[in-house]
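Asks: One structure, as structure tokens, below. Some questions next.
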Amino acid sequence: MLVLSRKIGEGIRIGSDVEIKILEIKGDTIKIGIVAPKDLSIWRNELFEEISAENLRAATRSVSLTPDYPWSEIKKNQ
Amino acid sequence: MTRDFSTTRFGDLHIDDNDIFIFNEGIPAFEGHKEWILIGNDENPIKWLQSLHDGAIALPVIPPDVIMNGYNARISKQELESIGMETPDDLVLLLVVSIPSSPRDMTVNLRAPLVIHRKKRIGRQIIAENEEYAVRQRLWSEEVEKNLTGRRKDDPAVHSSCEDR
């Protein structure tokens, strides 16, 4: 991992069209600004980790469902 | 070409290479698993995406329209083009479901659908921009419970939660 130290107002560039700026530091929270092309996905790590954990749970812990699960009732209530 | 593959859940499978789906990046938690096959029957809307990398790994999945009307995942065009999409008709969406021993506790991942190109058979799990979609959305609610017990006391799906334990 590349490690860089930055001060407030400073930033880094990734490639030619991604810019990351340190905007504010308050206690243990750092506010980051990202300038990137609109079609580039930027997500918080937790969301990725949550999805990964959910896949693992689904694949290893799931039981087979009986065909009579009340799908129509479920759908009506979503 | 065909191949034989042993699975924990479905026993020995005889697989036609043409039926395989390719997930080039794997699926989160199963990054090395590029080849998958869809197993299921017409009676049950839940299908299983079986890994061909590890016979013990199979993800239960469901088409969104079985559980809700108007599922509308917003995904950037660039991400859709990454699996070779030319028109939206090329795509099939499946949602990962998690089915604990009690089917009442079943959850569905609305936030990150598996997006599959139906002809190229290339897939990818993509995070939709919809903040309102939960990764772990419960399907069973008090309302469902009330409607079921009010109408059909002997509903097998309600009882199966006990049998599965």
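Letters A, B, ... mark the chains of the structure tokens in the order given; residue numbers begin at 1 per chain; ligand numbers begin at 1, in order shown.
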With only C-alpha atoms as the counted atoms, please give the residues lying no more than 8 Å from Thr2 (chain B), apart from itself and same-chain residues fewer than 4 positions off, as JSON, numbers by chain.

Replies: {"B": [14, 15, 16, 17]}

Asks: Give me the residues within 9 Å of Val135 (chain B) as a list in words, counting only C-alpha atoms and dropping any in the same chain fewer than 5 places off.

Replies: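 The contact residues come out as Leu47, Glu50, Ile51 and Glu54 of chain A; Thr107, Val108, Asn109, Leu110, Arg111 and Ala112 of chain B.
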
Asks: Convert the current residue selection to file output with C-alpha atoms, as an mmCIF file, in the first residue's frame.

Replies:
data_model
loop_
_atom_site.group_PDB
_atom_site.id
_atom_site.type_symbol
_atom_site.label_atom_id
_atom_site.label_comp_id
_atom_site.auth_asym_id
_atom_site.auth_seq_id
_atom_site.Cartn_x
_atom_site.Cartn_y
_atom_site.Cartn_z
ATOM 1 C CA LEU A 47 -20.843 -1.336 1.894
ATOM 2 C CA GLU A 50 -21.423 -5.832 4.033
ATOM 3 C CA ILE A 51 -22.175 -7.311 0.615
ATOM 4 C CA GLU A 54 -23.977 -11.289 3.071
ATOM 5 C CA THR B 107 -33.463 -11.661 3.658
ATOM 6 C CA VAL B 108 -32.720 -10.402 0.174
ATOM 7 C CA ASN B 109 -29.913 -8.180 -1.077
ATOM 8 C CA LEU B 110 -31.683 -5.439 -3.036
ATOM 9 C CA ARG B 111 -28.635 -3.201 -3.133
ATOM 10 C CA ALA B 112 -26.253 -5.372 -5.138
#

Asks: What are the residues of chain B that have an atom within 7 Å of an atom of chain A, counting only C-alpha atoms, as a ChimeraX atom specification?

Replies: /B:28-29,43-44,57-60,66-68,76,78,97-101,135,139-140,144,156-157

Asks: Report, in Å with one decimal, the straight-line distance from CA of Leu13 (chain B) to CA of Pro103 (chain B).

Replies: 26.8 Å

Asks: When DSSP works through the backbone of this structure, what residues of chain B end up as helix (DSSP H, G or I), shown as a ChimeraX atom specification?

Replies: /B:17-19,64-67,77-81,88-90,103-105,142-151,156-163

Asks: Could those residues be written to a file, using N, CA and C atoms, as an mmCIF file, in the first residue's frame?

Replies:
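out.cif was written with the following content:
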data_model
loop_
_atom_site.group_PDB
_atom_site.id
_atom_site.type_symbol
_atom_site.label_atom_id
_atom_site.label_comp_id
_atom_site.auth_asym_id
_atom_site.auth_seq_id
_atom_site.Cartn_x
_atom_site.Cartn_y
_atom_site.Cartn_z
ATOM 1 N N ASP B 17 -20.621 -27.080 -21.028
ATOM 2 C CA ASP B 17 -19.873 -25.819 -20.939
ATOM 3 C C ASP B 17 -20.713 -24.618 -21.391
ATOM 4 N N ASN B 18 -21.659 -24.860 -22.289
ATOM 5 C CA ASN B 18 -22.497 -23.766 -22.791
ATOM 6 C C ASN B 18 -23.434 -23.209 -21.720
ATOM 7 N N ASP B 19 -23.622 -23.948 -20.635
ATOM 8 C CA ASP B 19 -24.525 -23.501 -19.577
ATOM 9 C C ASP B 19 -23.815 -22.674 -18.504
ATOM 10 N N PRO B 64 -36.062 -10.421 -9.203
ATOM 11 C CA PRO B 64 -36.673 -9.361 -8.380
ATOM 12 C C PRO B 64 -38.195 -9.321 -8.466
ATOM 13 N N ASP B 65 -38.769 -9.641 -9.635
ATOM 14 C CA ASP B 65 -40.224 -9.470 -9.779
ATOM 15 C C ASP B 65 -41.024 -10.479 -8.960
ATOM 16 N N VAL B 66 -40.358 -11.482 -8.401
ATOM 17 C CA VAL B 66 -41.080 -12.427 -7.538
ATOM 18 C C VAL B 66 -41.401 -11.790 -6.184
ATOM 19 N N ILE B 67 -40.539 -10.876 -5.750
ATOM 20 C CA ILE B 67 -40.737 -10.314 -4.407
ATOM 21 C C ILE B 67 -41.252 -8.888 -4.403
ATOM 22 N N LYS B 77 -23.938 3.272 -16.733
ATOM 23 C CA LYS B 77 -23.813 2.654 -18.040
ATOM 24 C C LYS B 77 -22.451 1.969 -18.186
ATOM 25 N N GLN B 78 -21.442 2.605 -17.640
ATOM 26 C CA GLN B 78 -20.096 2.032 -17.771
ATOM 27 C C GLN B 78 -19.999 0.662 -17.105
ATOM 28 N N GLU B 79 -20.647 0.537 -15.952
ATOM 29 C CA GLU B 79 -20.602 -0.759 -15.269
ATOM 30 C C GLU B 79 -21.355 -1.819 -16.064
ATOM 31 N N LEU B 80 -22.464 -1.405 -16.689
ATOM 32 C CA LEU B 80 -23.236 -2.364 -17.482
ATOM 33 C C LEU B 80 -22.474 -2.751 -18.747
ATOM 34 N N GLU B 81 -21.748 -1.799 -19.295
ATOM 35 C CA GLU B 81 -20.956 -2.109 -20.491
ATOM 36 C C GLU B 81 -19.797 -3.038 -20.162
ATOM 37 N N PRO B 88 -30.472 -2.717 -22.732
ATOM 38 C CA PRO B 88 -30.921 -3.267 -21.440
ATOM 39 C C PRO B 88 -31.595 -4.643 -21.582
ATOM 40 N N ASP B 89 -32.119 -4.937 -22.777
ATOM 41 C CA ASP B 89 -32.748 -6.244 -22.988
ATOM 42 C C ASP B 89 -31.756 -7.396 -22.872
ATOM 43 N N ASP B 90 -30.459 -7.077 -22.985
ATOM 44 C CA ASP B 90 -29.437 -8.123 -22.868
ATOM 45 C C ASP B 90 -29.349 -8.677 -21.452
ATOM 46 N N PRO B 103 -37.510 -19.877 7.466
ATOM 47 C CA PRO B 103 -37.782 -19.104 6.249
ATOM 48 C C PRO B 103 -38.370 -17.727 6.530
ATOM 49 N N ARG B 104 -38.924 -17.538 7.737
ATOM 50 C CA ARG B 104 -39.447 -16.212 8.078
ATOM 51 C C ARG B 104 -38.335 -15.199 8.170
ATOM 52 N N ASP B 105 -37.126 -15.664 8.437
ATOM 53 C CA ASP B 105 -36.005 -14.748 8.606
ATOM 54 C C ASP B 105 -35.241 -14.520 7.304
ATOM 55 N N GLU B 142 -44.795 -8.436 9.910
ATOM 56 C CA GLU B 142 -45.981 -8.719 10.732
ATOM 57 C C GLU B 142 -47.239 -8.762 9.875
ATOM 58 N N GLU B 143 -47.241 -7.899 8.845
ATOM 59 C CA GLU B 143 -48.380 -7.824 7.946
ATOM 60 C C GLU B 143 -48.575 -9.159 7.217
ATOM 61 N N VAL B 144 -47.472 -9.717 6.739
ATOM 62 C CA VAL B 144 -47.525 -11.013 6.049
ATOM 63 C C VAL B 144 -48.048 -12.083 7.010
ATOM 64 N N GLU B 145 -47.464 -12.064 8.199
ATOM 65 C CA GLU B 145 -47.839 -13.022 9.236
ATOM 66 C C GLU B 145 -49.354 -12.964 9.512
ATOM 67 N N LYS B 146 -49.846 -11.743 9.658
ATOM 68 C CA LYS B 146 -51.252 -11.518 9.986
ATOM 69 C C LYS B 146 -52.153 -12.051 8.867
ATOM 70 N N ASN B 147 -51.808 -11.703 7.648
ATOM 71 C CA ASN B 147 -52.614 -12.142 6.512
ATOM 72 C C ASN B 147 -52.629 -13.655 6.371
ATOM 73 N N LEU B 148 -51.492 -14.265 6.646
ATOM 74 C CA LEU B 148 -51.396 -15.720 6.498
ATOM 75 C C LEU B 148 -52.159 -16.443 7.594
ATOM 76 N N THR B 149 -51.963 -16.012 8.826
ATOM 77 C CA THR B 149 -52.623 -16.713 9.925
ATOM 78 C C THR B 149 -54.121 -16.439 9.906
ATOM 79 N N GLY B 150 -54.496 -15.260 9.424
ATOM 80 C CA GLY B 150 -55.900 -14.918 9.337
ATOM 81 C C GLY B 150 -56.626 -15.781 8.315
ATOM 82 N N ARG B 151 -55.956 -16.107 7.244
ATOM 83 C CA ARG B 151 -56.611 -16.809 6.146
ATOM 84 C C ARG B 151 -56.392 -18.316 6.162
ATOM 85 N N PRO B 156 -48.256 -24.372 4.900
ATOM 86 C CA PRO B 156 -47.069 -25.208 5.066
ATOM 87 C C PRO B 156 -45.789 -24.405 5.226
ATOM 88 N N ALA B 157 -45.709 -23.254 4.580
ATOM 89 C CA ALA B 157 -44.473 -22.474 4.667
ATOM 90 C C ALA B 157 -44.248 -21.973 6.079
ATOM 91 N N VAL B 158 -45.355 -21.716 6.785
ATOM 92 C CA VAL B 158 -45.236 -21.257 8.161
ATOM 93 C C VAL B 158 -44.724 -22.397 9.031
ATOM 94 N N HIS B 159 -45.240 -23.579 8.768
ATOM 95 C CA HIS B 159 -44.825 -24.733 9.566
ATOM 96 C C HIS B 159 -43.427 -25.210 9.225
ATOM 97 N N SER B 160 -43.026 -24.976 7.970
ATOM 98 C CA SER B 160 -41.724 -25.508 7.558
ATOM 99 C C SER B 160 -40.599 -24.875 8.364
ATOM 100 N N SER B 161 -40.878 -23.707 8.972
ATOM 101 C CA SER B 161 -39.830 -23.087 9.771
ATOM 102 C C SER B 161 -39.457 -23.990 10.939
ATOM 103 N N CYS B 162 -40.398 -24.783 11.407
ATOM 104 C CA CYS B 162 -40.096 -25.705 12.503
ATOM 105 C C CYS B 162 -39.371 -26.941 11.978
ATOM 106 N N GLU B 163 -39.823 -27.419 10.822
ATOM 107 C CA GLU B 163 -39.213 -28.630 10.274
ATOM 108 C C GLU B 163 -37.748 -28.440 9.919
#

Asks: Going by DSSP on the backbone, which residues of chain B come out as strand (DSSP E)? List them as a VMD selection string.

Replies: chain B and resid 2 to 7 11 to 16 21 to 22 35 to 39 47 to 51 58 to 62 91 to 98 107 to 108 114 to 117 122 to 125 137 to 138

Asks: Would you output that residue set with C-alpha atoms, as a PDB file, in the first residue's frame?

Replies:
ATOM      1  CA  THR B   2     -19.162 -31.399 -20.911  1.00  0.00           C
ATOM      2  CA  ARG B   3     -17.670 -32.060 -17.521  1.00  0.00           C
ATOM      3  CA  ASP B   4     -18.598 -33.822 -14.305  1.00  0.00           C
ATOM      4  CA  PHE B   5     -18.625 -31.899 -11.054  1.00  0.00           C
ATOM      5  CA  SER B   6     -19.518 -32.901  -7.510  1.00  0.00           C
ATOM      6  CA  THR B   7     -21.514 -30.556  -5.336  1.00  0.00           C
ATOM      7  CA  GLY B  11     -24.742 -34.203  -5.819  1.00  0.00           C
ATOM      8  CA  ASP B  12     -22.864 -35.100  -9.008  1.00  0.00           C
ATOM      9  CA  LEU B  13     -23.612 -32.805 -11.933  1.00  0.00           C
ATOM     10  CA  HIS B  14     -23.009 -33.373 -15.607  1.00  0.00           C
ATOM     11  CA  ILE B  15     -22.330 -29.888 -16.944  1.00  0.00           C
ATOM     12  CA  ASP B  16     -22.462 -28.589 -20.486  1.00  0.00           C
ATOM     13  CA  PHE B  21     -21.858 -18.241 -16.486  1.00  0.00           C
ATOM     14  CA  ILE B  22     -18.561 -16.367 -16.258  1.00  0.00           C
ATOM     15  CA  GLU B  35     -17.447 -20.124 -13.274  1.00  0.00           C
ATOM     16  CA  TRP B  36     -20.974 -20.638 -11.978  1.00  0.00           C
ATOM     17  CA  ILE B  37     -24.017 -22.560 -13.076  1.00  0.00           C
ATOM     18  CA  LEU B  38     -27.689 -21.875 -12.388  1.00  0.00           C
ATOM     19  CA  ILE B  39     -29.670 -24.739 -10.896  1.00  0.00           C
ATOM     20  CA  LYS B  47     -32.604 -20.809  -8.018  1.00  0.00           C
ATOM     21  CA  TRP B  48     -29.091 -21.643  -6.916  1.00  0.00           C
ATOM     22  CA  LEU B  49     -25.961 -20.220  -8.433  1.00  0.00           C
ATOM     23  CA  GLN B  50     -23.528 -23.081  -7.923  1.00  0.00           C
ATOM     24  CA  SER B  51     -19.808 -22.325  -7.936  1.00  0.00           C
ATOM     25  CA  ALA B  58     -24.027 -22.230  -3.886  1.00  0.00           C
ATOM     26  CA  LEU B  59     -25.813 -18.885  -3.659  1.00  0.00           C
ATOM     27  CA  PRO B  60     -29.619 -18.843  -3.515  1.00  0.00           C
ATOM     28  CA  VAL B  61     -30.943 -16.237  -5.944  1.00  0.00           C
ATOM     29  CA  ILE B  62     -34.336 -14.942  -7.031  1.00  0.00           C
ATOM     30  CA  LEU B  91     -29.592  -8.215 -19.080  1.00  0.00           C
ATOM     31  CA  VAL B  92     -31.072 -10.514 -16.473  1.00  0.00           C
ATOM     32  CA  LEU B  93     -31.049  -9.459 -12.821  1.00  0.00           C
ATOM     33  CA  LEU B  94     -30.992 -11.850  -9.901  1.00  0.00           C
ATOM     34  CA  LEU B  95     -30.969 -11.008  -6.205  1.00  0.00           C
ATOM     35  CA  VAL B  96     -29.009 -12.955  -3.620  1.00  0.00           C
ATOM     36  CA  VAL B  97     -31.218 -14.286  -0.850  1.00  0.00           C
ATOM     37  CA  SER B  98     -30.154 -15.618   2.503  1.00  0.00           C
ATOM     38  CA  THR B 107     -33.463 -11.661   3.658  1.00  0.00           C
ATOM     39  CA  VAL B 108     -32.720 -10.402   0.174  1.00  0.00           C
ATOM     40  CA  LEU B 114     -26.211 -10.032  -9.880  1.00  0.00           C
ATOM     41  CA  VAL B 115     -26.355  -8.607 -13.383  1.00  0.00           C
ATOM     42  CA  ILE B 116     -25.998 -11.189 -16.127  1.00  0.00           C
ATOM     43  CA  HIS B 117     -25.741 -10.820 -19.903  1.00  0.00           C
ATOM     44  CA  ILE B 122     -21.126 -12.907 -18.421  1.00  0.00           C
ATOM     45  CA  GLY B 123     -22.103 -11.749 -14.949  1.00  0.00           C
ATOM     46  CA  ARG B 124     -21.075  -9.351 -12.238  1.00  0.00           C
ATOM     47  CA  GLN B 125     -22.452  -8.335  -8.870  1.00  0.00           C
ATOM     48  CA  GLN B 137     -33.967  -6.630   3.432  1.00  0.00           C
ATOM     49  CA  ARG B 138     -36.316  -8.831   5.427  1.00  0.00           C
TER      50      ARG B 138
END

Asks: To one decimal place in Å, what is the distance between CA of Gly27 (chain A) and CA of Glu131 (chain B)?

Replies: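 Spanning CA of Gly27 (chain A) to CA of Glu131 (chain B) is a straight-line distance of 27.1 Å.
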
Asks: Calculate how many Å separate CA of His33 (chain B) from CA of Arg9 (chain B), rounding to one decimal.

Replies: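 One can read the CA of His33 (chain B) to CA of Arg9 (chain B) distance as 17.1 Å.
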